[in-house]
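Worksheet: the structure to be examined is printed underneath.
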Amino acid sequence: NEGQQWLALNPAVTFGVARVLSVLAGVLMIPLTFGCAWRLAQRSGISRPELPSCIAVVLTSLSFLLIQFSRTERPHIVLGFFVLLTYWFYLRWLETKTLRAATAMGIAAGLAIGTLQSGILVLVILVAPAVYQSIRARRICIPRHILIAGTVALLIGILAYPHILFSFNRAFTGHAGLDISGSGGQHSIFSFTGKGFLQIIHVLLGYEPVLTFIGIFSILYLTLQKRLHTFFMADRGAILLFIVCFVALFGMYDFALPRYCILLVAMAIPMISILSTAVWIDWFAHDYTYSYKIRRITLVFICIVAMLVLPLRLMQLLSRPDTRELATVWANNISVHLRNGKFIATTSPAIALTPTLESIRFTEQFDGM
């Protein structure tokens, strides 16, 4: 309790650390997607892996969803980084089949689970090779390294949520639902009403319209060419299985907020870069005429400009005055604004100030007046 009180009265510390971690995770996702796309391109048989890798870097750098949450004090971008890191180690394990790669994959998955409860979806990546081998062998096949990686991930996940061991009743048998992290946020089975499907579509079209269009167009084109399955099997179907499980889980949930969809976007970018590269090669790789060069440059320019619209709009909004900060400054000098002995009657819900030490003390001072 003393620790919680100290954190509440020193928000600059927690917010500062959280923002640094968010920015760091967001920046590191750029080279990480480059590495994932490179390895995936090699496994897909693409002769020039630098092309999809560069496409992945552009898509990540200009992703409005990733830009927005890389600058906020929320754990979702950190979760996206650890999930993508797990996938990178997963691709490395497919190449080397070593215990070291499997252990690293398990550690990254455990950190994803420990970052946020929804990180449990990262286990889908670990399960993917077992599903693939079981389908091919027509019997249950679980590689030994996958068992080790899963065990490491679950152990780290349990350590991250001590309430599971020490407050079992509070975590699993609460009246309002599950509260595994002990944060007070309840999750009930009655929250799964299927409203999240439309919200996922709304997030993709509203936040990532260009990425969504490129992905859908590439999938339709390669499906007509009867080549789509070769790319999804290059990574043993891990991305496809992850996307299906994500959409099924959060689609059935009451709401799929934009920050939840960071996982979806982060995992989709490497595969979309591979699919769009295959389409690009079919269209432009074998034609070096001047007109085709102009078309290629024009197409790239249009895509980049379209992806820049939302980030530039965000920068414009951030340049405007923050009314919450202005309200906090006004509240800190309330005696100057009140005359003739008058005072403002307030209650706690009526004040939504920037959570600083001064605003917290102000709220406590005038609570219930």
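Chain lettering (A, B, ...) mirrors the order of the structure tokens, residue numbering begins at 1 for each chain separately, and ligand numbering begins at 1 in order of display.
Non-sequential neighbours of stretch 56-65 of chain A (distance at most 7 Å, separation of 5 or more positions within a chain, only C-alpha atoms) are Ile30, Thr33, Phe34, Ala37, Tyr207, Glu208, Ile262, Ile269, Pro270, Ser273, Met307, Leu308, Leu310 and Pro311 of chain A.
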Pull the closest atom pair for each residue of stretch 195-301 of chain A that gets at most 9 Å from stretch 73-94 of chain A, along with the distance in Å to one decimal, counting only C-alpha atoms, ordering rows by chain and then ascending residue number, as a tab-separated table.
```
residue	atom	partner	partner_atom	distance
A:Asp235	CA	A:Leu91	CA	6.9
A:Arg236	CA	A:Leu94	CA	8.9
A:Ala238	CA	A:Tyr87	CA	8.4
A:Ile239	CA	A:Tyr87	CA	8.7
A:Arg259	CA	A:His76	CA	6.3
A:Tyr260	CA	A:His76	CA	7.0
A:Ile262	CA	A:Gly80	CA	6.2
A:Leu263	CA	A:Gly80	CA	5.1
A:Leu264	CA	A:Gly80	CA	8.6
A:Val265	CA	A:Gly80	CA	8.8
A:Ala266	CA	A:Gly80	CA	6.3
A:Met267	CA	A:Leu84	CA	6.5
```
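Note that atom CA of A:Gly251 and atom CA of A:Ile200 are 7.1 Å apart.
The environment of stretch 136-153 of chain A within 6 Å, counting only C-alpha atoms and disregarding residues fewer than 6 places along the same chain, consists of Ala102, Thr103, Gly106, Ile107, Ala109, Gly110 and Ala130 of chain A.
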Take the selection from the previous step and output its residues with N, CA, C and O atoms, as a PDB file, in the first residue's frame.
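So the final result, stored in result.pdb, reads:
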```pdb
ATOM      1  N   ALA A 102      15.266 -22.180 -28.952  1.00  0.00           N
ATOM      2  CA  ALA A 102      13.977 -22.503 -28.322  1.00  0.00           C
ATOM      3  C   ALA A 102      13.850 -21.834 -26.955  1.00  0.00           C
ATOM      4  O   ALA A 102      12.785 -21.316 -26.598  1.00  0.00           O
ATOM      5  N   THR A 103      14.940 -21.820 -26.178  1.00  0.00           N
ATOM      6  CA  THR A 103      14.910 -21.173 -24.858  1.00  0.00           C
ATOM      7  C   THR A 103      14.710 -19.669 -24.990  1.00  0.00           C
ATOM      8  O   THR A 103      13.940 -19.058 -24.243  1.00  0.00           O
ATOM      9  N   GLY A 106      11.190 -19.020 -25.709  1.00  0.00           N
ATOM     10  CA  GLY A 106      10.372 -19.139 -24.507  1.00  0.00           C
ATOM     11  C   GLY A 106      10.496 -17.940 -23.593  1.00  0.00           C
ATOM     12  O   GLY A 106       9.505 -17.486 -23.007  1.00  0.00           O
ATOM     13  N   ILE A 107      11.711 -17.388 -23.453  1.00  0.00           N
ATOM     14  CA  ILE A 107      11.912 -16.199 -22.611  1.00  0.00           C
ATOM     15  C   ILE A 107      11.157 -15.005 -23.183  1.00  0.00           C
ATOM     16  O   ILE A 107      10.476 -14.261 -22.450  1.00  0.00           O
ATOM     17  N   ALA A 109       8.551 -15.077 -25.122  1.00  0.00           N
ATOM     18  CA  ALA A 109       7.115 -15.327 -24.950  1.00  0.00           C
ATOM     19  C   ALA A 109       6.687 -15.080 -23.507  1.00  0.00           C
ATOM     20  O   ALA A 109       5.608 -14.530 -23.246  1.00  0.00           O
ATOM     21  N   GLY A 110       7.530 -15.477 -22.548  1.00  0.00           N
ATOM     22  CA  GLY A 110       7.204 -15.220 -21.145  1.00  0.00           C
ATOM     23  C   GLY A 110       7.144 -13.745 -20.822  1.00  0.00           C
ATOM     24  O   GLY A 110       6.275 -13.286 -20.064  1.00  0.00           O
ATOM     25  N   ALA A 130       3.822 -27.528 -33.788  1.00  0.00           N
ATOM     26  CA  ALA A 130       3.200 -28.777 -33.352  1.00  0.00           C
ATOM     27  C   ALA A 130       1.939 -29.064 -34.157  1.00  0.00           C
ATOM     28  O   ALA A 130       1.681 -30.209 -34.547  1.00  0.00           O
TER      29      ALA A 130
END
```
What lies within 8 Å of A:Pro49 using only C-alpha atoms, ignoring chain neighbours under 3 positions off, as a compact mmCIF listing (two decimals) with all heavy atoms, in the first residue's frame?
```
# COMPACT_ATOMS: atom_id res chain seq x y z
N ALA A 37 11.08 -10.01 -41.62
CA ALA A 37 10.77 -10.05 -43.06
C ALA A 37 11.93 -10.67 -43.84
O ALA A 37 11.71 -11.41 -44.80
CB ALA A 37 10.46 -8.65 -43.56
N TRP A 38 13.16 -10.39 -43.43
CA TRP A 38 14.33 -10.95 -44.12
C TRP A 38 14.34 -12.46 -44.01
O TRP A 38 14.49 -13.18 -45.01
CB TRP A 38 15.60 -10.36 -43.53
CG TRP A 38 16.86 -10.76 -44.26
CD1 TRP A 38 17.49 -11.98 -44.22
CD2 TRP A 38 17.63 -9.95 -45.16
NE1 TRP A 38 18.60 -11.99 -45.01
CE2 TRP A 38 18.71 -10.75 -45.61
CE3 TRP A 38 17.52 -8.65 -45.62
CZ2 TRP A 38 19.67 -10.27 -46.49
CZ3 TRP A 38 18.47 -8.18 -46.50
CH2 TRP A 38 19.53 -8.98 -46.94
N ARG A 39 14.18 -12.97 -42.79
CA ARG A 39 14.19 -14.43 -42.59
C ARG A 39 13.00 -15.08 -43.30
O ARG A 39 13.12 -16.16 -43.88
CB ARG A 39 14.16 -14.76 -41.10
CG ARG A 39 15.44 -14.40 -40.37
CD ARG A 39 15.41 -14.87 -38.93
NE ARG A 39 16.63 -14.54 -38.23
CZ ARG A 39 17.75 -15.26 -38.28
NH1 ARG A 39 17.79 -16.35 -39.00
NH2 ARG A 39 18.82 -14.87 -37.61
N ALA A 41 11.46 -13.97 -45.92
CA ALA A 41 11.70 -13.91 -47.37
C ALA A 41 12.62 -15.04 -47.81
O ALA A 41 12.41 -15.67 -48.86
CB ALA A 41 12.30 -12.56 -47.75
N GLN A 42 13.66 -15.31 -47.03
CA GLN A 42 14.56 -16.41 -47.36
C GLN A 42 13.83 -17.76 -47.34
O GLN A 42 14.07 -18.62 -48.19
CB GLN A 42 15.74 -16.42 -46.39
CG GLN A 42 16.69 -15.24 -46.57
CD GLN A 42 17.82 -15.26 -45.56
OE1 GLN A 42 17.64 -15.69 -44.42
NE2 GLN A 42 18.99 -14.79 -45.97
N ILE A 46 12.29 -16.01 -51.88
CA ILE A 46 12.45 -14.73 -52.57
C ILE A 46 13.93 -14.45 -52.72
O ILE A 46 14.69 -14.45 -51.74
CB ILE A 46 11.74 -13.61 -51.79
CG1 ILE A 46 10.23 -13.87 -51.78
CG2 ILE A 46 12.04 -12.25 -52.40
CD1 ILE A 46 9.44 -12.85 -50.98
N PRO A 52 11.42 -7.09 -49.49
CA PRO A 52 10.36 -7.16 -48.47
C PRO A 52 10.80 -6.59 -47.12
O PRO A 52 9.95 -6.07 -46.37
CB PRO A 52 10.06 -8.65 -48.38
CG PRO A 52 11.26 -9.33 -48.90
CD PRO A 52 11.80 -8.42 -49.96
N SER A 53 12.09 -6.68 -46.82
CA SER A 53 12.57 -6.12 -45.55
C SER A 53 12.41 -4.61 -45.52
O SER A 53 11.99 -4.03 -44.51
CB SER A 53 14.03 -6.50 -45.33
OG SER A 53 14.19 -7.91 -45.28
```
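Interatomic distance, atom CA of A:Leu211 against atom CA of A:Ile55: 10.9 Å.
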Would you return as a ChimeraX atom specification the members of stretch 88-251 of chain A that DSSP assigns to alpha helix (DSSP H) on this structure's backbone? /A:88-96,99-115,123-137,144-160,163-166,168-172,196-207,209-224,228-233,238-251
Margin query: Give me the residues near A:Leu121 as a PyMOL selection string, where near means some atom within 8 Å (using only C-alpha atoms) and where sequence neighbours in that chain fewer than 5 positions away do not count.
Written below: chain A and resi 242+245-246
Store the residues of this selection in a file with N, CA and C atoms, as a CSV table (one decimal), in the first residue's frame.
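Output file part_31.csv is given in full below:
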```
chain,number,residue,atom,x,y,z
A,242,PHE,N,-1.9,-17.2,-35.7
A,242,PHE,CA,-2.0,-16.1,-34.7
A,242,PHE,C,-3.1,-15.1,-35.1
A,245,CYS,N,-6.6,-16.7,-34.4
A,245,CYS,CA,-6.9,-16.7,-33.0
A,245,CYS,C,-7.2,-15.3,-32.4
A,246,PHE,N,-6.4,-14.3,-32.8
A,246,PHE,CA,-6.6,-13.0,-32.4
A,246,PHE,C,-8.0,-12.5,-32.7
```
Can you pull out every residue within 12 Å of A:His229, counting only C-alpha atoms, but drop anything in the same chain fewer than 6 positions away, and send it as an NGL selection string?
-> :A and (44 or 219-220 or 222-223 or 235-237 or 240 or 275)
Take the residues just selected and output them with all heavy atoms as a CSV table (one decimal), in the first residue's frame.
```
chain,number,residue,atom,x,y,z
A,44,SER,N,10.7,-18.1,-47.9
A,44,SER,CA,9.7,-18.1,-49.0
A,44,SER,C,10.3,-18.3,-50.4
A,44,SER,O,9.6,-18.4,-51.3
A,44,SER,CB,8.9,-16.8,-48.9
A,44,SER,OG,8.3,-16.7,-47.6
A,219,ILE,N,-3.5,-10.7,-50.9
A,219,ILE,CA,-4.1,-12.0,-50.7
A,219,ILE,C,-5.0,-12.4,-51.8
A,219,ILE,O,-4.9,-13.6,-52.3
A,219,ILE,CB,-4.8,-11.9,-49.3
A,219,ILE,CG1,-3.8,-11.9,-48.1
A,219,ILE,CG2,-5.7,-13.2,-49.2
A,219,ILE,CD1,-4.5,-11.7,-46.8
A,220,LEU,N,-5.8,-11.5,-52.3
A,220,LEU,CA,-6.7,-11.8,-53.4
A,220,LEU,C,-5.9,-12.2,-54.7
A,220,LEU,O,-6.3,-13.1,-55.4
A,220,LEU,CB,-7.7,-10.6,-53.7
A,220,LEU,CG,-8.7,-10.3,-52.6
A,220,LEU,CD1,-9.5,-9.1,-52.9
A,220,LEU,CD2,-9.6,-11.5,-52.3
A,222,LEU,N,-2.8,-13.3,-55.0
A,222,LEU,CA,-2.0,-14.6,-54.9
A,222,LEU,C,-3.0,-15.8,-54.8
A,222,LEU,O,-2.6,-16.9,-55.1
A,222,LEU,CB,-1.1,-14.5,-53.7
A,222,LEU,CG,0.0,-13.5,-53.8
A,222,LEU,CD1,0.8,-13.4,-52.5
A,222,LEU,CD2,1.0,-13.9,-55.0
A,223,THR,N,-4.2,-15.5,-54.2
A,223,THR,CA,-5.2,-16.6,-54.2
A,223,THR,C,-5.6,-16.9,-55.6
A,223,THR,O,-5.8,-18.1,-56.0
A,223,THR,CB,-6.4,-16.1,-53.4
A,223,THR,OG1,-6.0,-15.9,-52.0
A,223,THR,CG2,-7.5,-17.2,-53.3
A,235,ASP,N,6.5,-20.2,-42.9
A,235,ASP,CA,6.7,-20.1,-41.5
A,235,ASP,C,5.9,-21.1,-40.7
A,235,ASP,O,5.6,-20.9,-39.5
A,235,ASP,CB,6.5,-18.7,-41.0
A,235,ASP,CG,5.0,-18.3,-40.9
A,235,ASP,OD1,4.2,-18.9,-41.7
A,235,ASP,OD2,4.6,-17.5,-40.1
A,236,ARG,N,5.5,-22.2,-41.3
A,236,ARG,CA,4.6,-23.2,-40.7
A,236,ARG,C,3.3,-22.7,-40.3
A,236,ARG,O,2.7,-23.2,-39.3
A,236,ARG,CB,5.4,-23.9,-39.6
A,236,ARG,CG,6.7,-24.5,-39.9
A,236,ARG,CD,6.5,-25.7,-40.9
A,236,ARG,NE,7.7,-26.5,-41.0
A,236,ARG,CZ,8.6,-26.3,-42.0
A,236,ARG,NH1,8.4,-25.3,-42.8
A,236,ARG,NH2,9.7,-27.1,-42.1
A,237,GLY,N,2.8,-21.6,-40.9
A,237,GLY,CA,1.5,-21.1,-40.6
A,237,GLY,C,1.3,-20.3,-39.3
A,237,GLY,O,0.2,-20.1,-38.8
A,240,LEU,N,-0.6,-16.9,-39.7
A,240,LEU,CA,-2.0,-17.2,-40.1
A,240,LEU,C,-2.7,-17.7,-38.8
A,240,LEU,O,-3.8,-17.2,-38.5
A,240,LEU,CB,-2.1,-18.2,-41.2
A,240,LEU,CG,-3.5,-18.6,-41.6
A,240,LEU,CD1,-4.3,-17.4,-42.1
A,240,LEU,CD2,-3.5,-19.7,-42.7
A,275,LEU,N,4.0,-10.9,-49.1
A,275,LEU,CA,2.9,-11.0,-50.1
A,275,LEU,C,3.0,-9.9,-51.1
A,275,LEU,O,2.8,-10.1,-52.3
A,275,LEU,CB,1.6,-11.1,-49.4
A,275,LEU,CG,1.3,-12.2,-48.4
A,275,LEU,CD1,-0.1,-12.1,-47.8
A,275,LEU,CD2,1.5,-13.5,-49.0
```
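What separates atom CA of A:Thr289 from atom CA of A:Lys226 is a distance of 28.1 Å.
Counting only C-alpha atoms, stretch 12-24 of chain A has the following residues at most 6 Å away, ignoring those fewer than 4 positions along the same chain: Ser70, Arg71, Thr72 and Glu73 of chain A.
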File of the preceding selection, N, CA, C and O atoms, as a CSV table (one decimal), in the first residue's frame:
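again_24.csv written:
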```csv
chain,number,residue,atom,x,y,z
A,70,SER,N,3.3,4.4,-29.5
A,70,SER,CA,4.7,4.4,-29.1
A,70,SER,C,5.0,5.7,-28.2
A,70,SER,O,6.1,5.7,-27.6
A,71,ARG,N,4.2,6.6,-28.2
A,71,ARG,CA,4.4,7.9,-27.5
A,71,ARG,C,3.5,8.0,-26.3
A,71,ARG,O,3.5,9.0,-25.6
A,72,THR,N,2.8,6.9,-25.9
A,72,THR,CA,1.9,7.0,-24.8
A,72,THR,C,2.4,6.0,-23.7
A,72,THR,O,3.1,5.0,-24.0
A,73,GLU,N,1.9,6.2,-22.5
A,73,GLU,CA,2.4,5.4,-21.3
A,73,GLU,C,1.5,4.2,-21.2
A,73,GLU,O,0.7,4.1,-20.2
```
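Nearest residue to A:Val210 among A:Thr98, A:Leu111, A:Val309, A:Asp322 is A:Val309, counting only C-alpha atoms.
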The residue from A:Leu314, A:Met105, A:Leu299, A:Ile201 with the smallest atom-to-atom distance to A:Cys261, counting only C-alpha atoms, is A:Ile201
